[in-house]
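Novice: Quick one: structure below, then a few questions.
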Amino acid sequence: MNENNTWERTFVLIKPDGVKRALVGTIISRFERVGLTLTGLKLVSVDTEKAEKHYESHRGKAFFDPLVRLLSSGPVAAMALEGAHAISVVRKIVGSTEPKEAPPGSIRGDFCHMSYARSKERLGVIPNLIHASDSPESAVWELALWFADEDLVQPYERADAGFM
Ligand code: IDP
Ligand code: MG
């Protein structure tokens, strides 16, 4: 399965705003339909400590505390996805951080409600449904934070792989 050196594993988290809007299935489908392989999946209740650790690299920024509050405000859906160029492909499918800049067809572009700007004022952070690793290093670190080795399955061949 790893014969292609572009094969990558990445980490995705549907944040509480995405879970509460019942977008879990829809979001997973977006990744499945481009051929990525799901190798880890779980719902997690996040405490402040875990949220702070996940967003450690943003500590000190004005939106850090609100971001931690948002991440720990309800259940999240954590997943591992694998495939060719998985890290950049997932980021492309997720779309820009600022929902109004996220293109149509991306998850944030299609599903962030444009009232988010009001929520941003109220909450102090942009509610944008989803997190995805932004580099190979962050993917390794985030997967280790959210999944034990035994929570992940070995990559398996998709039934629709190599159909052309
Ligand atoms: P990303 O989620 O697109 O990778 P990051 O820059 O890593 O964006 O920021 C993490 C999260 O922090 C974003 O998804 C968003 O929820 C929030 N955020 C980022 N920048 C800002 C900001 O300038 N104001 C308010 N919230 C922000
Ligand atoms: Mg980020």
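All residue names refer to the structure tokens as shown: chains lettered A, B, ... in order, residues numbered from 1 in each chain, ligands numbered from 1 in order.
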Fewer than 3 positions away in the same chain doesn't count, so skip those; otherwise give me all residues within 9 Å of Thr48 in chain A, counting only C-alpha atoms, as a PyMOL selection string.
Specialist: chain A and resi 51-53+68-69+71-72
Novice: Let me see the file: selected residues, N, CA, C and O atoms, as a PDB file, in the first residue's frame.
Specialist:
```pdb
ATOM      1  N   ALA A  51      -7.876  20.395  24.874  1.00  0.00           N
ATOM      2  CA  ALA A  51      -8.060  21.453  23.869  1.00  0.00           C
ATOM      3  C   ALA A  51      -6.837  22.372  23.835  1.00  0.00           C
ATOM      4  O   ALA A  51      -6.354  22.760  22.767  1.00  0.00           O
ATOM      5  N   GLU A  52      -6.311  22.694  25.017  1.00  0.00           N
ATOM      6  CA  GLU A  52      -5.118  23.558  25.076  1.00  0.00           C
ATOM      7  C   GLU A  52      -3.920  22.877  24.423  1.00  0.00           C
ATOM      8  O   GLU A  52      -3.141  23.497  23.716  1.00  0.00           O
ATOM      9  N   LYS A  53      -3.819  21.582  24.665  1.00  0.00           N
ATOM     10  CA  LYS A  53      -2.688  20.847  24.095  1.00  0.00           C
ATOM     11  C   LYS A  53      -2.808  20.805  22.564  1.00  0.00           C
ATOM     12  O   LYS A  53      -1.838  21.025  21.842  1.00  0.00           O
ATOM     13  N   VAL A  68     -10.043  27.481  22.706  1.00  0.00           N
ATOM     14  CA  VAL A  68     -10.052  26.348  23.643  1.00  0.00           C
ATOM     15  C   VAL A  68     -11.474  26.133  24.174  1.00  0.00           C
ATOM     16  O   VAL A  68     -11.950  24.995  24.264  1.00  0.00           O
ATOM     17  N   ARG A  69     -12.166  27.226  24.486  1.00  0.00           N
ATOM     18  CA  ARG A  69     -13.555  27.103  24.974  1.00  0.00           C
ATOM     19  C   ARG A  69     -14.428  26.467  23.903  1.00  0.00           C
ATOM     20  O   ARG A  69     -15.250  25.599  24.181  1.00  0.00           O
ATOM     21  N   LEU A  71     -13.535  24.483  21.392  1.00  0.00           N
ATOM     22  CA  LEU A  71     -13.192  23.072  21.148  1.00  0.00           C
ATOM     23  C   LEU A  71     -13.704  22.164  22.270  1.00  0.00           C
ATOM     24  O   LEU A  71     -14.040  21.001  22.030  1.00  0.00           O
ATOM     25  N   SER A  72     -13.789  22.728  23.480  1.00  0.00           N
ATOM     26  CA  SER A  72     -14.227  21.894  24.611  1.00  0.00           C
ATOM     27  C   SER A  72     -15.707  22.098  24.934  1.00  0.00           C
ATOM     28  O   SER A  72     -16.173  21.694  25.990  1.00  0.00           O
TER      29      SER A  72
END
```
Novice: Got a sec to check which residues lie within 9 Å of ligand 1, using only C-alpha atoms and all ligand atoms, and send them as a PyMOL selection string?
Specialist: chain A and resi 55+57-58+61-64+66-67+70-71+91+94-98+120-121+123-134
Novice: Produce a file of the selected residues containing N, CA, C and O atoms, as a compact mmCIF listing (two decimals), in the first residue's frame.
Specialist:
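The new file result-v9.txt reads:
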```txt
# COMPACT_ATOMS: atom_id res chain seq x y z
N TYR A 55 -4.22 22.86 20.58
CA TYR A 55 -3.97 24.16 19.96
C TYR A 55 -2.76 24.87 20.58
O TYR A 55 -2.66 26.10 20.51
N SER A 57 0.15 25.44 19.65
CA SER A 57 0.92 26.35 18.78
C SER A 57 0.26 27.73 18.68
O SER A 57 0.89 28.68 18.21
N HIS A 58 -1.00 27.84 19.13
CA HIS A 58 -1.68 29.15 19.07
C HIS A 58 -1.68 29.86 20.43
O HIS A 58 -2.26 30.94 20.56
N LYS A 61 -2.06 33.85 21.44
CA LYS A 61 -2.84 34.67 20.50
C LYS A 61 -4.15 35.10 21.16
O LYS A 61 -4.64 34.43 22.09
N ALA A 62 -4.71 36.20 20.66
CA ALA A 62 -5.93 36.76 21.27
C ALA A 62 -7.08 35.76 21.26
O ALA A 62 -7.92 35.75 22.16
N PHE A 63 -7.11 34.89 20.23
CA PHE A 63 -8.25 33.97 20.12
C PHE A 63 -8.00 32.62 20.80
O PHE A 63 -8.82 31.71 20.70
N PHE A 64 -6.85 32.49 21.51
CA PHE A 64 -6.51 31.17 22.08
C PHE A 64 -7.55 30.69 23.11
O PHE A 64 -8.07 29.58 22.98
N PRO A 66 -10.73 31.70 23.67
CA PRO A 66 -12.01 31.39 23.02
C PRO A 66 -11.95 30.11 22.17
O PRO A 66 -12.91 29.34 22.13
N LEU A 67 -10.82 29.87 21.53
CA LEU A 67 -10.66 28.68 20.70
C LEU A 67 -10.72 27.41 21.56
O LEU A 67 -11.38 26.43 21.22
N LEU A 70 -14.25 26.90 22.65
CA LEU A 70 -15.08 26.35 21.56
C LEU A 70 -14.81 24.85 21.37
O LEU A 70 -15.74 24.05 21.25
N LEU A 71 -13.54 24.48 21.39
CA LEU A 71 -13.19 23.07 21.15
C LEU A 71 -13.70 22.16 22.27
O LEU A 71 -14.04 21.00 22.03
N ARG A 91 -6.63 19.55 3.28
CA ARG A 91 -6.67 21.00 3.53
C ARG A 91 -7.43 21.73 2.42
O ARG A 91 -8.17 22.67 2.66
N VAL A 94 -11.07 21.14 2.93
CA VAL A 94 -11.55 21.89 4.10
C VAL A 94 -11.78 23.36 3.75
O VAL A 94 -12.79 23.95 4.12
N GLY A 95 -10.86 23.99 3.01
CA GLY A 95 -11.01 25.40 2.63
C GLY A 95 -10.38 26.34 3.64
O GLY A 95 -9.91 25.94 4.70
N SER A 96 -10.37 27.64 3.30
CA SER A 96 -9.66 28.64 4.09
C SER A 96 -10.22 28.79 5.51
O SER A 96 -11.41 28.56 5.73
N THR A 97 -9.36 29.25 6.40
CA THR A 97 -9.74 29.47 7.81
C THR A 97 -10.94 30.40 7.92
O THR A 97 -11.86 30.16 8.70
N GLU A 98 -10.92 31.48 7.15
CA GLU A 98 -11.99 32.49 7.18
C GLU A 98 -13.08 32.02 6.21
O GLU A 98 -12.86 31.98 4.99
N LYS A 120 -18.41 35.10 15.55
CA LYS A 120 -16.99 35.41 15.79
C LYS A 120 -16.87 36.58 16.77
O LYS A 120 -16.06 36.54 17.69
N GLU A 121 -17.72 37.60 16.58
CA GLU A 121 -17.72 38.75 17.50
C GLU A 121 -18.07 38.32 18.91
O GLU A 121 -17.43 38.71 19.88
N LEU A 123 -18.10 35.18 20.23
CA LEU A 123 -17.28 34.13 20.84
C LEU A 123 -15.80 34.50 20.93
O LEU A 123 -15.05 33.94 21.73
N GLY A 124 -15.36 35.39 20.05
CA GLY A 124 -13.94 35.76 20.01
C GLY A 124 -13.11 34.81 19.18
O GLY A 124 -11.87 34.84 19.21
N VAL A 125 -13.78 33.95 18.43
CA VAL A 125 -13.07 32.97 17.60
C VAL A 125 -13.97 32.62 16.41
O VAL A 125 -15.19 32.70 16.50
N ILE A 126 -13.31 32.23 15.31
CA ILE A 126 -14.08 31.88 14.11
C ILE A 126 -14.58 30.43 14.23
O ILE A 126 -13.79 29.50 14.30
N PRO A 127 -15.92 30.25 14.25
CA PRO A 127 -16.42 28.87 14.25
C PRO A 127 -16.44 28.37 12.81
O PRO A 127 -17.24 28.82 11.99
N ASN A 128 -15.54 27.45 12.49
CA ASN A 128 -15.42 27.03 11.08
C ASN A 128 -15.44 25.50 10.92
O ASN A 128 -14.86 24.96 9.98
N LEU A 129 -16.11 24.85 11.85
CA LEU A 129 -16.55 23.45 11.73
C LEU A 129 -15.48 22.37 11.87
O LEU A 129 -15.76 21.28 12.35
N ILE A 130 -14.26 22.63 11.41
CA ILE A 130 -13.34 21.51 11.21
C ILE A 130 -11.89 21.94 11.36
O ILE A 130 -11.54 23.09 11.07
N HIS A 131 -11.09 21.00 11.81
CA HIS A 131 -9.63 21.18 11.89
C HIS A 131 -8.98 20.10 11.03
O HIS A 131 -9.46 18.97 10.97
N ALA A 132 -7.87 20.44 10.37
CA ALA A 132 -7.08 19.42 9.66
C ALA A 132 -5.60 19.74 9.80
O ALA A 132 -5.21 20.92 9.77
N SER A 133 -4.78 18.72 9.94
CA SER A 133 -3.33 18.91 10.06
C SER A 133 -2.80 19.69 8.87
O SER A 133 -3.25 19.50 7.73
N ASP A 134 -1.80 20.56 9.15
CA ASP A 134 -1.29 21.41 8.06
C ASP A 134 0.10 21.01 7.56
O ASP A 134 0.65 21.66 6.68
```
Novice: Of the residues A:Glu82, A:Ser138, A:Ser106, A:Ser119, which is the one nearest to ligand 2, using only C-alpha atoms and all ligand atoms?
Specialist: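 Between A:Glu82, A:Ser138, A:Ser106, A:Ser119, the residue approaching ligand 2 most closely is A:Ser138.
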Novice: List every residue of range 53-95 of chain A that has an atom at most 10 Å from any atom of range 22-36 of chain A, and for each one report the closest atom pair and its distance in Å to one decimal, counting only C-alpha atoms, with rows sorted by chain and then by increasing residue number, as JSON lines.
Specialist:
```
{"residue": "A:Val76", "atom": "CA", "partner": "A:Val24", "partner_atom": "CA", "distance": 9.3}
{"residue": "A:Ala77", "atom": "CA", "partner": "A:Val24", "partner_atom": "CA", "distance": 7.3}
{"residue": "A:Met79", "atom": "CA", "partner": "A:Ile28", "partner_atom": "CA", "distance": 8.9}
{"residue": "A:Ala80", "atom": "CA", "partner": "A:Leu36", "partner_atom": "CA", "distance": 9.8}
{"residue": "A:Leu81", "atom": "CA", "partner": "A:Leu36", "partner_atom": "CA", "distance": 6.2}
{"residue": "A:Glu82", "atom": "CA", "partner": "A:Leu36", "partner_atom": "CA", "distance": 5.6}
{"residue": "A:Gly83", "atom": "CA", "partner": "A:Leu36", "partner_atom": "CA", "distance": 5.1}
{"residue": "A:Ala84", "atom": "CA", "partner": "A:Leu36", "partner_atom": "CA", "distance": 7.8}
{"residue": "A:His85", "atom": "CA", "partner": "A:Leu36", "partner_atom": "CA", "distance": 9.5}
{"residue": "A:Ala86", "atom": "CA", "partner": "A:Leu36", "partner_atom": "CA", "distance": 7.1}
{"residue": "A:Val89", "atom": "CA", "partner": "A:Phe31", "partner_atom": "CA", "distance": 9.0}
{"residue": "A:Val90", "atom": "CA", "partner": "A:Phe31", "partner_atom": "CA", "distance": 7.2}
{"residue": "A:Ile93", "atom": "CA", "partner": "A:Arg30", "partner_atom": "CA", "distance": 7.6}
{"residue": "A:Val94", "atom": "CA", "partner": "A:Ile27", "partner_atom": "CA", "distance": 9.2}
```
Novice: Write a file of the just-selected residues containing C-alpha atoms, as an mmCIF file, in the first residue's frame.
Specialist:
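Result written to out-v4.cif:
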```
data_model
loop_
_atom_site.group_PDB
_atom_site.id
_atom_site.type_symbol
_atom_site.label_atom_id
_atom_site.label_comp_id
_atom_site.auth_asym_id
_atom_site.auth_seq_id
_atom_site.Cartn_x
_atom_site.Cartn_y
_atom_site.Cartn_z
ATOM 1 C CA VAL A 76 -15.816 16.278 18.504
ATOM 2 C CA ALA A 77 -15.352 13.624 15.828
ATOM 3 C CA MET A 79 -10.463 10.774 12.330
ATOM 4 C CA ALA A 80 -7.368 9.511 10.565
ATOM 5 C CA LEU A 81 -7.360 9.599 6.771
ATOM 6 C CA GLU A 82 -4.796 8.150 4.434
ATOM 7 C CA GLY A 83 -4.000 8.384 0.763
ATOM 8 C CA ALA A 84 -1.894 10.077 -1.881
ATOM 9 C CA HIS A 85 -1.132 13.667 -0.865
ATOM 10 C CA ALA A 86 -3.653 13.269 1.965
ATOM 11 C CA VAL A 89 -5.805 17.295 -0.381
ATOM 12 C CA VAL A 90 -7.656 17.356 2.945
ATOM 13 C CA ILE A 93 -11.269 20.122 0.720
ATOM 14 C CA VAL A 94 -11.551 21.891 4.101
#
```
Novice: Based on DSSP run over this structure's backbone, return all residues of chain A in strand (DSSP E or B), as a ChimeraX atom specification.
Specialist: /A:7-14,37-45,75-84,130-132
Novice: Pick out the residues sitting within 10 Å of Arg158 in chain A, and hand them over as a PyMOL selection string; count only C-alpha atoms, and ignore anything fewer than 2 positions along from it in its own chain.
Specialist: chain A and resi 32+35-38+155-156+160-162
Novice: Considering only helix (DSSP H, G or I) as DSSP defines it on the backbone, what residues of range 2-103 of chain A qualify? List them as a count of residues only.
Specialist: 44
Novice: Between CA of Phe147 in chain A and CA of Phe11 in chain A, what is the distance, to one decimal in Å?
Specialist: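 Atom-to-atom, CA of Phe147 in chain A to CA of Phe11 in chain A, that is 9.7 Å.
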Novice: Have a look at A:Ala102, A:Val46, A:Ala117, A:Leu41 and name the one nearest to Glu150 in chain A; count only C-alpha atoms.
Specialist: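 Among the listed residues, A:Leu41 lies closest to Glu150 in chain A.
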Novice: State, in Å with one decimal place, the distance from CA of Val153 in chain A to CA of Ser45 in chain A.
Specialist: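 Between these atoms lies a distance of 21.7 Å.
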Novice: Fewer than 3 positions away in the same chain doesn't count, so skip those; otherwise give me all residues within 10 Å of Pro75 in chain A, counting only C-alpha atoms, as a PyMOL selection string.
Specialist: chain A and resi 14-20+43-47+71-72+78
Novice: Generate a file of the selected residues that holds N, CA and C atoms, formatted as a compact mmCIF listing (two decimals), in the first residue's frame.
Specialist:
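Written file, again10.txt:
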```txt
# COMPACT_ATOMS: atom_id res chain seq x y z
N ILE A 14 -13.71 17.11 13.49
CA ILE A 14 -14.93 17.90 13.30
C ILE A 14 -15.22 18.53 14.65
N LYS A 15 -15.17 19.86 14.69
CA LYS A 15 -15.26 20.57 15.96
C LYS A 15 -16.72 20.55 16.45
N PRO A 16 -16.95 20.94 17.72
CA PRO A 16 -18.31 20.85 18.27
C PRO A 16 -19.36 21.56 17.43
N ASP A 17 -19.00 22.66 16.77
CA ASP A 17 -20.01 23.36 15.95
C ASP A 17 -20.42 22.47 14.77
N GLY A 18 -19.49 21.69 14.24
CA GLY A 18 -19.82 20.77 13.13
C GLY A 18 -20.64 19.57 13.60
N VAL A 19 -20.28 19.04 14.77
CA VAL A 19 -21.04 17.89 15.31
C VAL A 19 -22.47 18.33 15.64
N LYS A 20 -22.60 19.51 16.28
CA LYS A 20 -23.94 19.98 16.68
C LYS A 20 -24.81 20.32 15.48
N LEU A 43 -15.75 9.51 18.45
CA LEU A 43 -16.31 10.70 19.07
C LEU A 43 -15.63 10.88 20.41
N VAL A 44 -15.28 12.12 20.72
CA VAL A 44 -14.54 12.39 21.96
C VAL A 44 -15.13 13.61 22.66
N SER A 45 -15.27 13.53 23.98
CA SER A 45 -15.57 14.73 24.78
C SER A 45 -14.24 15.35 25.15
N VAL A 46 -14.09 16.62 24.89
CA VAL A 46 -12.78 17.27 25.04
C VAL A 46 -12.77 18.14 26.29
N ASP A 47 -11.78 17.93 27.17
CA ASP A 47 -11.66 18.85 28.31
C ASP A 47 -10.69 19.98 27.96
N LEU A 71 -13.54 24.48 21.39
CA LEU A 71 -13.19 23.07 21.15
C LEU A 71 -13.70 22.16 22.27
N SER A 72 -13.79 22.73 23.48
CA SER A 72 -14.23 21.89 24.61
C SER A 72 -15.71 22.10 24.93
N ALA A 78 -13.11 12.72 15.75
CA ALA A 78 -11.70 12.67 15.34
C ALA A 78 -11.52 11.57 14.32
```
Novice: Would you compute the distance between CA of Lys42 in chain A and CA of Asp151 in chain A? Give it in Å to one decimal.
Specialist: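 These two atoms are separated by 8.8 Å.
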Novice: From the options A:Arg9, A:His54, A:His113, A:Arg21, which residue's atoms come nearest to ligand 2, counting only C-alpha atoms and all ligand atoms?
Specialist: A:His54
Novice: Restricting the calculation to only C-alpha atoms and all ligand atoms: of A:Gly74, A:Pro104, A:Ile87, A:Met114, which residue gets closest to ligand 2?
Specialist: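 For ligand 2, the nearest of the given residues is A:Ile87.
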